[in-house]
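File shown: my_file34.pdb (PDB, C-alpha atoms, pLDDT in the B column).
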ATOM      1  CA  MET A 184     150.093 152.481 157.772  1.00 78.00           C
ATOM      2  CA  ASP A 185     147.691 150.507 159.918  1.00 87.00           C
ATOM      3  CA  SER A 186     148.882 150.508 163.536  1.00 90.00           C
ATOM      4  CA  ARG A 187     148.874 146.692 163.724  1.00 92.00           C
ATOM      5  CA  ILE A 188     151.050 146.434 160.639  1.00 90.00           C
ATOM      6  CA  LYS A 189     153.351 149.144 161.951  1.00 91.00           C
ATOM      7  CA  THR A 190     153.702 147.226 165.228  1.00 92.00           C
ATOM      8  CA  GLU A 191     154.669 144.092 163.292  1.00 91.00           C
ATOM      9  CA  LEU A 192     157.151 146.103 161.217  1.00 90.00           C
ATOM     10  CA  GLU A 193     158.790 147.442 164.374  1.00 91.00           C
ATOM     11  CA  LYS A 194     159.229 143.856 165.646  1.00 91.00           C
ATOM     12  CA  SER A 195     160.911 142.719 162.430  1.00 90.00           C
ATOM     13  CA  TRP A 196     164.605 142.648 161.538  1.00 89.00           C
ATOM     14  CA  ALA A 197     164.363 145.764 159.323  1.00 90.00           C
ATOM     15  CA  PRO A 198     164.469 148.503 162.020  1.00 91.00           C
ATOM     16  CA  ILE A 199     167.381 146.754 163.738  1.00 89.00           C
ATOM     17  CA  PHE A 200     169.279 146.522 160.446  1.00 90.00           C
ATOM     18  CA  TYR A 201     168.508 150.157 159.668  1.00 92.00           C
ATOM     19  CA  LYS A 202     169.726 151.388 163.047  1.00 91.00           C
ATOM     20  CA  TYR A 203     172.817 149.237 163.507  1.00 88.00           C
ATOM     21  CA  VAL A 204     173.975 148.643 159.945  1.00 90.00           C
ATOM     22  CA  PHE A 205     172.599 151.134 157.441  1.00 93.00           C
ATOM     23  CA  CYS A 206     172.968 154.225 159.645  1.00 93.00           C
ATOM     24  CA  ASN A 207     176.548 153.278 160.584  1.00 92.00           C
ATOM     25  CA  ILE A 208     177.973 152.726 157.110  1.00 91.00           C
ATOM     26  CA  ASP A 209     180.715 155.229 156.378  1.00 89.00           C
ATOM     27  CA  GLU A 210     180.615 156.167 152.701  1.00 87.00           C
ATOM     28  CA  LYS A 211     183.800 158.283 152.812  1.00 87.00           C
ATOM     29  CA  PRO A 212     186.267 155.416 152.172  1.00 87.00           C
ATOM     30  CA  PHE A 213     184.393 154.652 148.946  1.00 86.00           C
ATOM     31  CA  SER A 214     185.018 158.116 147.528  1.00 84.00           C
ATOM     32  CA  VAL A 215     188.232 156.737 145.996  1.00 84.00           C
ATOM     33  CA  LEU A 216     186.042 154.786 143.558  1.00 83.00           C
ATOM     34  CA  TYR A 217     184.611 157.919 141.967  1.00 78.00           C
ATOM     35  CA  SER A 218     185.983 161.058 140.367  1.00 68.00           C
ATOM     36  CA  ASP A 219     186.351 164.342 142.218  1.00 62.00           C
ATOM     37  CA  THR A 220     183.522 165.886 140.198  1.00 56.00           C
ATOM     38  CA  GLY A 221     181.054 163.016 140.339  1.00 60.00           C
ATOM     39  CA  ARG A 222     179.256 160.871 142.835  1.00 63.00           C
ATOM     40  CA  PRO A 223     177.833 157.401 142.353  1.00 62.00           C
ATOM     41  CA  ASN A 224     174.386 157.348 140.771  1.00 72.00           C
ATOM     42  CA  PHE A 225     173.214 155.183 143.672  1.00 83.00           C
ATOM     43  CA  PRO A 226     174.068 155.705 147.377  1.00 88.00           C
ATOM     44  CA  VAL A 227     176.972 153.575 148.614  1.00 89.00           C
ATOM     45  CA  ASN A 228     175.273 152.877 151.938  1.00 92.00           C
ATOM     46  CA  ILE A 229     172.351 151.292 150.082  1.00 93.00           C
ATOM     47  CA  PHE A 230     174.728 149.253 147.889  1.00 91.00           C
ATOM     48  CA  LEU A 231     176.559 147.894 150.925  1.00 91.00           C
ATOM     49  CA  SER A 232     173.362 147.269 152.846  1.00 92.00           C
ATOM     50  CA  LEU A 233     171.956 145.323 149.915  1.00 93.00           C
ATOM     51  CA  GLU A 234     175.129 143.238 149.723  1.00 90.00           C
ATOM     52  CA  TYR A 235     174.786 142.394 153.417  1.00 89.00           C
ATOM     53  CA  ILE A 236     171.080 141.620 152.996  1.00 91.00           C
ATOM     54  CA  LYS A 237     171.842 139.441 149.983  1.00 91.00           C
ATOM     55  CA  HIS A 238     174.087 137.247 152.105  1.00 88.00           C
ATOM     56  CA  LEU A 239     171.864 137.448 155.168  1.00 86.00           C
ATOM     57  CA  LYS A 240     168.847 136.225 153.195  1.00 90.00           C
ATOM     58  CA  ASN A 241     170.819 134.012 150.787  1.00 90.00           C
ATOM     59  CA  TYR A 242     169.392 135.829 147.752  1.00 93.00           C
ATOM     60  CA  SER A 243     170.627 135.582 144.198  1.00 93.00           C
ATOM     61  CA  ASP A 244     171.213 138.928 142.474  1.00 93.00           C
ATOM     62  CA  GLY A 245     167.849 138.600 140.736  1.00 93.00           C
ATOM     63  CA  GLU A 246     166.078 137.888 144.008  1.00 95.00           C
ATOM     64  CA  LEU A 247     167.873 140.810 145.654  1.00 94.00           C
ATOM     65  CA  ILE A 248     166.737 143.240 142.965  1.00 94.00           C
ATOM     66  CA  GLU A 249     163.187 141.855 143.008  1.00 95.00           C
ATOM     67  CA  ASN A 250     163.023 142.193 146.786  1.00 95.00           C
ATOM     68  CA  PHE A 251     164.495 145.683 146.635  1.00 95.00           C
ATOM     69  CA  ASN A 252     161.759 146.656 144.189  1.00 94.00           C
ATOM     70  CA  PHE A 253     158.814 144.986 145.938  1.00 94.00           C
ATOM     71  CA  ASN A 254     159.654 144.135 149.571  1.00 94.00           C
ATOM     72  CA  TYR A 255     158.880 146.928 152.013  1.00 94.00           C
ATOM     73  CA  LEU A 256     161.056 145.405 154.756  1.00 94.00           C
ATOM     74  CA  ILE A 257     164.110 145.621 152.491  1.00 95.00           C
ATOM     75  CA  ASN A 258     163.297 149.229 151.602  1.00 95.00           C
ATOM     76  CA  TYR A 259     162.736 150.132 155.245  1.00 94.00           C
ATOM     77  CA  ALA A 260     166.053 148.513 156.201  1.00 94.00           C
ATOM     78  CA  VAL A 261     167.886 150.729 153.690  1.00 95.00           C
ATOM     79  CA  GLY A 262     166.131 153.946 154.635  1.00 93.00           C
ATOM     80  CA  ILE A 263     163.570 154.128 151.840  1.00 93.00           C
ATOM     81  CA  GLY A 264     160.016 154.840 152.982  1.00 87.00           C
ATOM     82  CA  THR A 265     158.118 154.007 149.805  1.00 87.00           C
ATOM     83  CA  LEU A 266     158.292 151.141 147.346  1.00 87.00           C
ATOM     84  CA  GLY A 267     159.570 152.176 143.952  1.00 83.00           C
ATOM     85  CA  GLY A 268     161.345 155.219 145.346  1.00 83.00           C
ATOM     86  CA  MET A 269     164.630 154.198 143.698  1.00 88.00           C
ATOM     87  CA  ASN A 270     165.495 152.043 140.734  1.00 87.00           C
ATOM     88  CA  LEU A 271     168.250 149.442 140.911  1.00 88.00           C
ATOM     89  CA  SER A 272     169.351 147.520 137.849  1.00 87.00           C
ATOM     90  CA  GLU A 273     171.683 144.548 137.620  1.00 89.00           C
ATOM     91  CA  LYS A 274     174.157 146.686 135.675  1.00 89.00           C
ATOM     92  CA  THR A 275     174.296 149.285 138.460  1.00 87.00           C
ATOM     93  CA  LEU A 276     174.936 146.548 141.016  1.00 89.00           C
ATOM     94  CA  TYR A 277     177.597 144.874 138.875  1.00 89.00           C
ATOM     95  CA  ASP A 278     179.317 148.182 138.094  1.00 88.00           C
ATOM     96  CA  PHE A 279     179.645 148.922 141.815  1.00 87.00           C
ATOM     97  CA  ARG A 280     181.128 145.496 142.484  1.00 88.00           C
ATOM     98  CA  SER A 281     183.480 145.899 139.546  1.00 88.00           C
ATOM     99  CA  ARG A 282     184.712 149.277 140.834  1.00 87.00           C
ATOM    100  CA  ILE A 283     185.463 147.766 144.232  1.00 87.00           C
ATOM    101  CA  TYR A 284     187.222 144.800 142.685  1.00 87.00           C
ATOM    102  CA  GLN A 285     189.311 146.940 140.310  1.00 88.00           C
ATOM    103  CA  TYR A 286     190.307 149.209 143.201  1.00 87.00           C
ATOM    104  CA  LEU A 287     191.364 146.220 145.319  1.00 86.00           C
ATOM    105  CA  ILE A 288     193.479 144.817 142.490  1.00 87.00           C
ATOM    106  CA  LYS A 289     195.304 148.136 142.100  1.00 88.00           C
ATOM    107  CA  HIS A 290     195.722 148.737 145.850  1.00 84.00           C
ATOM    108  CA  LEU A 291     196.571 145.345 147.313  1.00 80.00           C
ATOM    109  CA  GLU A 292     198.388 146.911 150.250  1.00 80.00           C
ATOM    110  CA  GLN A 293     195.299 148.772 151.454  1.00 79.00           C
ATOM    111  CA  GLU A 294     192.459 147.369 153.512  1.00 75.00           C
ATOM    112  CA  ASP A 295     189.526 145.922 151.602  1.00 80.00           C
ATOM    113  CA  LEU A 296     186.811 148.609 151.576  1.00 84.00           C
ATOM    114  CA  ILE A 297     183.979 146.201 152.347  1.00 82.00           C
ATOM    115  CA  PHE A 298     185.942 144.363 155.023  1.00 82.00           C
ATOM    116  CA  GLY A 299     186.818 147.705 156.632  1.00 83.00           C
ATOM    117  CA  GLN A 300     183.110 148.492 156.855  1.00 85.00           C
ATOM    118  CA  PHE A 301     182.447 145.045 158.293  1.00 83.00           C
ATOM    119  CA  LEU A 302     185.023 145.618 161.031  1.00 83.00           C
ATOM    120  CA  ASN A 303     183.624 149.060 161.806  1.00 84.00           C
ATOM    121  CA  LEU A 304     180.055 147.743 162.024  1.00 84.00           C
ATOM    122  CA  THR A 305     181.247 144.876 164.228  1.00 83.00           C
ATOM    123  CA  ARG A 306     182.921 147.334 166.614  1.00 83.00           C
ATOM    124  CA  ILE A 307     179.804 149.511 166.757  1.00 83.00           C
ATOM    125  CA  PHE A 308     177.538 146.546 167.412  1.00 78.00           C
ATOM    126  CA  ALA A 309     179.893 145.101 170.038  1.00 78.00           C
ATOM    127  CA  LYS A 310     179.981 148.435 171.854  1.00 80.00           C
ATOM    128  CA  GLU A 311     176.175 148.725 171.709  1.00 77.00           C
ATOM    129  CA  ALA A 312     175.771 145.143 172.969  1.00 72.00           C
ATOM    130  CA  GLY A 313     178.405 145.570 175.685  1.00 75.00           C
ATOM    131  CA  ILE A 314     180.660 142.885 174.211  1.00 73.00           C
ATOM    132  CA  SER A 315     184.379 143.135 174.931  1.00 74.00           C
ATOM    133  CA  MET A 316     186.534 142.766 171.828  1.00 68.00           C
ATOM    134  CA  LYS A 317     189.641 142.319 173.990  1.00 71.00           C
ATOM    135  CA  GLU A 318     188.713 138.795 175.033  1.00 64.00           C
ATOM    136  CA  GLN A 319     188.693 136.053 172.441  1.00 57.00           C
ATOM    137  CA  ARG A 320     187.251 132.591 172.623  1.00 57.00           C
ATOM    138  CA  MET A 321     189.614 129.799 171.700  1.00 53.00           C
ATOM    139  CA  ASP A 322     187.262 128.462 169.036  1.00 52.00           C
ATOM    140  CA  SER A 323     187.140 131.820 167.229  1.00 51.00           C
ATOM    141  CA  THR A 324     190.869 132.261 166.626  1.00 50.00           C
ATOM    142  CA  MET A 325     190.533 131.370 162.948  1.00 51.00           C
ATOM    143  CA  PHE A 326     188.053 134.185 162.233  1.00 47.00           C
ATOM    144  CA  MET A 327     190.510 136.596 160.643  1.00 50.00           C
ATOM    145  CA  SER A 328     192.157 133.927 158.481  1.00 50.00           C
ATOM    146  CA  ASN A 329     188.734 132.844 157.232  1.00 50.00           C
ATOM    147  CA  ILE A 330     188.020 136.399 156.144  1.00 49.00           C
ATOM    148  CA  LYS A 331     191.004 136.119 153.785  1.00 52.00           C
ATOM    149  CA  LYS A 332     188.974 133.545 151.841  1.00 52.00           C
ATOM    150  CA  VAL A 333     187.003 136.498 150.516  1.00 54.00           C
ATOM    151  CA  GLY A 334     189.935 137.004 148.158  1.00 60.00           C
ATOM    152  CA  ARG A 335     188.820 133.824 146.442  1.00 59.00           C
ATOM    153  CA  ILE A 336     185.511 135.477 145.657  1.00 65.00           C
ATOM    154  CA  ALA A 337     187.384 138.296 143.951  1.00 65.00           C
ATOM    155  CA  LEU A 338     189.344 135.746 141.915  1.00 62.00           C
ATOM    156  CA  ALA A 339     186.148 133.906 140.954  1.00 65.00           C
ATOM    157  CA  PHE A 340     184.557 137.200 139.908  1.00 65.00           C
ATOM    158  CA  ASP A 341     187.560 138.049 137.720  1.00 66.00           C
ATOM    159  CA  VAL A 342     187.519 134.645 136.006  1.00 64.00           C
ATOM    160  CA  LEU A 343     183.755 134.776 135.469  1.00 69.00           C
ATOM    161  CA  TYR A 344     183.925 138.356 134.190  1.00 65.00           C
ATOM    162  CA  ARG A 345     186.603 137.474 131.645  1.00 66.00           C
ATOM    163  CA  ALA A 346     184.746 134.339 130.559  1.00 63.00           C
ATOM    164  CA  VAL A 347     181.505 136.220 130.002  1.00 67.00           C
ATOM    165  CA  LYS A 348     183.330 138.995 128.170  1.00 66.00           C
ATOM    166  CA  PHE A 349     185.093 136.457 125.933  1.00 62.00           C
ATOM    167  CA  HIS A 350     181.924 134.494 125.140  1.00 58.00           C
ATOM    168  CA  PRO A 351     180.049 136.047 122.148  1.00 52.00           C
TER     169      PRO A 351
END
What's the structure tokens form of this structure?
Amino acid sequence: MDSRIKTELEKSWAPIFYKYVFCNIDEKPFSVLYSDTGRPNFPVNIFLSLEYIKHLKNYSDGELIENFNFNYLINYAVGIGTLGGMNLSEKTLYDFRSRIYQYLIKHLEQEDLIFGQFLNLTRIFAKEAGISMKEQRMDSTMFMSNIKKVGRIALAFDVLYRAVKFHP
């Protein structure tokens, strides 16, 4: 890589994302989604990173997959050094989301796997940035209740999934 391009890459968001998000994702909690003899056909840390990037960049699923296939910054952020090194299809992405959703429906009493990762990453970043999590601003007291709105996304997914399945 040309040194000028490499310098620009190092100034971008991708190395920061790689270091503070991708490298700190704990895949162990997601082992409950797969059998004892098998592993997912795509790394969980890349799945989660792509979900975060999707929301960070406001991508549709199609845009996410296109950028994963052709955008070097996205690949760099998820630990892939060459374009085209891995293949991601919509079905693979949807199957992962479906597994998470089905697990959450069956284990309502347990912490949401994705939210647990979000909390862990927040703690890691706060520690790295020297931010105290013991003090709370008055205008941020509704943060945790707003996270519960994510349950609505799960409901919307279930309704959409059933509608698509029903439609010939």
CA of Gly267 (chain A) to CA of Glu249 (chain A) measures 11.0 Å
Choose the residue, out of A:Leu216, A:Tyr201, A:Asn254, A:Leu304, that has the smallest atom-to-atom separation from His290 (chain A); count all atoms listed in the file.
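Going through A:Leu216, A:Tyr201, A:Asn254, A:Leu304 one by one, the smallest distance to His290 (chain A) is for A:Leu216.
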Identify all residues satisfying the PyMOL selection byres ((chain A and resi 234-242) around 12) in the given file; provide them as a PyMOL selection string.
chain A and resi 196-197+200-201+204-205+208+227-233+243-251+256-258+260-261+276-277+279-280+297-298+300-301+304
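Residues within 10 Å of Val215 (chain A), counting only C-alpha atoms and excluding same-chain residues fewer than 4 positions away, are Lys211, Asp219, Arg282, Ile283, Tyr286 and Leu296 of chain A.
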Residue with smallest distance to Gln293 (chain A) - pool A:Leu192, A:Asn207, A:Asn270, A:Pro212, counting only C-alpha atoms
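Of all the options, A:Pro212 lies closest to Gln293 (chain A).
Reported to one decimal place, the separation of CA of Met184 (chain A) from CA of Leu266 (chain A) is 13.3 Å.
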May I ask which of the residues A:Gly299, A:Pro198, A:Gly268, A:Gly262 is the closest one to Glu210 (chain A), counting all atoms listed in the file?
A:Gly299
Atom pair CA of Pro226 (chain A) / CA of Cys206 (chain A): separation (Å)
12.4 Å
Top pick for closest residue to Thr275 (chain A), considering A:Ala309, A:Phe225, A:Lys317, A:Glu193 and counting all atoms listed in the file
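Nearest candidate to Thr275 (chain A) out of A:Ala309, A:Phe225, A:Lys317, A:Glu193: A:Phe225.
Using all atoms listed in the file, the smallest distance between any of A:Ser315, A:Leu287, A:Glu294, A:Tyr255 and Ser195 (chain A) comes from A:Tyr255.
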How big is the axis-aligned box, and where does its centre sit, when it encloses all atoms of region 199-205 of chain A listed in the file and has 4 Å added on every side, reported in Å to one decimal as JSON?
{"center_x": 170.7, "center_y": 149.0, "center_z": 160.6, "size_x": 14.6, "size_y": 12.9, "size_z": 14.3}
Since the input has fewer atoms than a full residue there, write region 275-287 of chain A out with N, CA and C atoms, as a PDB file, keeping the file's coordinate frame.
ATOM      1  N   THR A 275     173.849 148.369 137.409  1.00 87.00           N
ATOM      2  CA  THR A 275     174.296 149.285 138.460  1.00 87.00           C
ATOM      3  C   THR A 275     174.972 148.506 139.582  1.00 87.00           C
ATOM      4  N   LEU A 276     174.383 147.397 139.968  1.00 89.00           N
ATOM      5  CA  LEU A 276     174.936 146.548 141.016  1.00 89.00           C
ATOM      6  C   LEU A 276     176.283 145.973 140.587  1.00 89.00           C
ATOM      7  N   TYR A 277     176.366 145.469 139.374  1.00 89.00           N
ATOM      8  CA  TYR A 277     177.597 144.874 138.875  1.00 89.00           C
ATOM      9  C   TYR A 277     178.700 145.919 138.693  1.00 89.00           C
ATOM     10  N   ASP A 278     178.326 147.110 138.253  1.00 88.00           N
ATOM     11  CA  ASP A 278     179.317 148.182 138.094  1.00 88.00           C
ATOM     12  C   ASP A 278     179.940 148.555 139.433  1.00 88.00           C
ATOM     13  N   PHE A 279     179.126 148.610 140.483  1.00 87.00           N
ATOM     14  CA  PHE A 279     179.645 148.922 141.815  1.00 87.00           C
ATOM     15  C   PHE A 279     180.626 147.840 142.260  1.00 87.00           C
ATOM     16  N   ARG A 280     180.240 146.601 142.103  1.00 88.00           N
ATOM     17  CA  ARG A 280     181.128 145.496 142.484  1.00 88.00           C
ATOM     18  C   ARG A 280     182.420 145.536 141.678  1.00 88.00           C
ATOM     19  N   SER A 281     182.301 145.832 140.413  1.00 88.00           N
ATOM     20  CA  SER A 281     183.480 145.899 139.546  1.00 88.00           C
ATOM     21  C   SER A 281     184.417 147.020 139.987  1.00 88.00           C
ATOM     22  N   ARG A 282     183.875 148.163 140.356  1.00 87.00           N
ATOM     23  CA  ARG A 282     184.712 149.277 140.834  1.00 87.00           C
ATOM     24  C   ARG A 282     185.485 148.876 142.091  1.00 87.00           C
ATOM     25  N   ILE A 283     184.797 148.210 142.999  1.00 87.00           N
ATOM     26  CA  ILE A 283     185.463 147.766 144.232  1.00 87.00           C
ATOM     27  C   ILE A 283     186.567 146.771 143.895  1.00 87.00           C
ATOM     28  N   TYR A 284     186.249 145.815 143.053  1.00 87.00           N
ATOM     29  CA  TYR A 284     187.222 144.800 142.685  1.00 87.00           C
ATOM     30  C   TYR A 284     188.437 145.426 141.991  1.00 87.00           C
ATOM     31  N   GLN A 285     188.207 146.299 141.027  1.00 88.00           N
ATOM     32  CA  GLN A 285     189.311 146.940 140.310  1.00 88.00           C
ATOM     33  C   GLN A 285     190.182 147.761 141.263  1.00 88.00           C
ATOM     34  N   TYR A 286     189.549 148.435 142.215  1.00 87.00           N
ATOM     35  CA  TYR A 286     190.307 149.209 143.201  1.00 87.00           C
ATOM     36  C   TYR A 286     191.175 148.279 144.053  1.00 87.00           C
ATOM     37  N   LEU A 287     190.608 147.160 144.482  1.00 86.00           N
ATOM     38  CA  LEU A 287     191.364 146.220 145.319  1.00 86.00           C
ATOM     39  C   LEU A 287     192.564 145.650 144.563  1.00 86.00           C
TER      40      LEU A 287
END
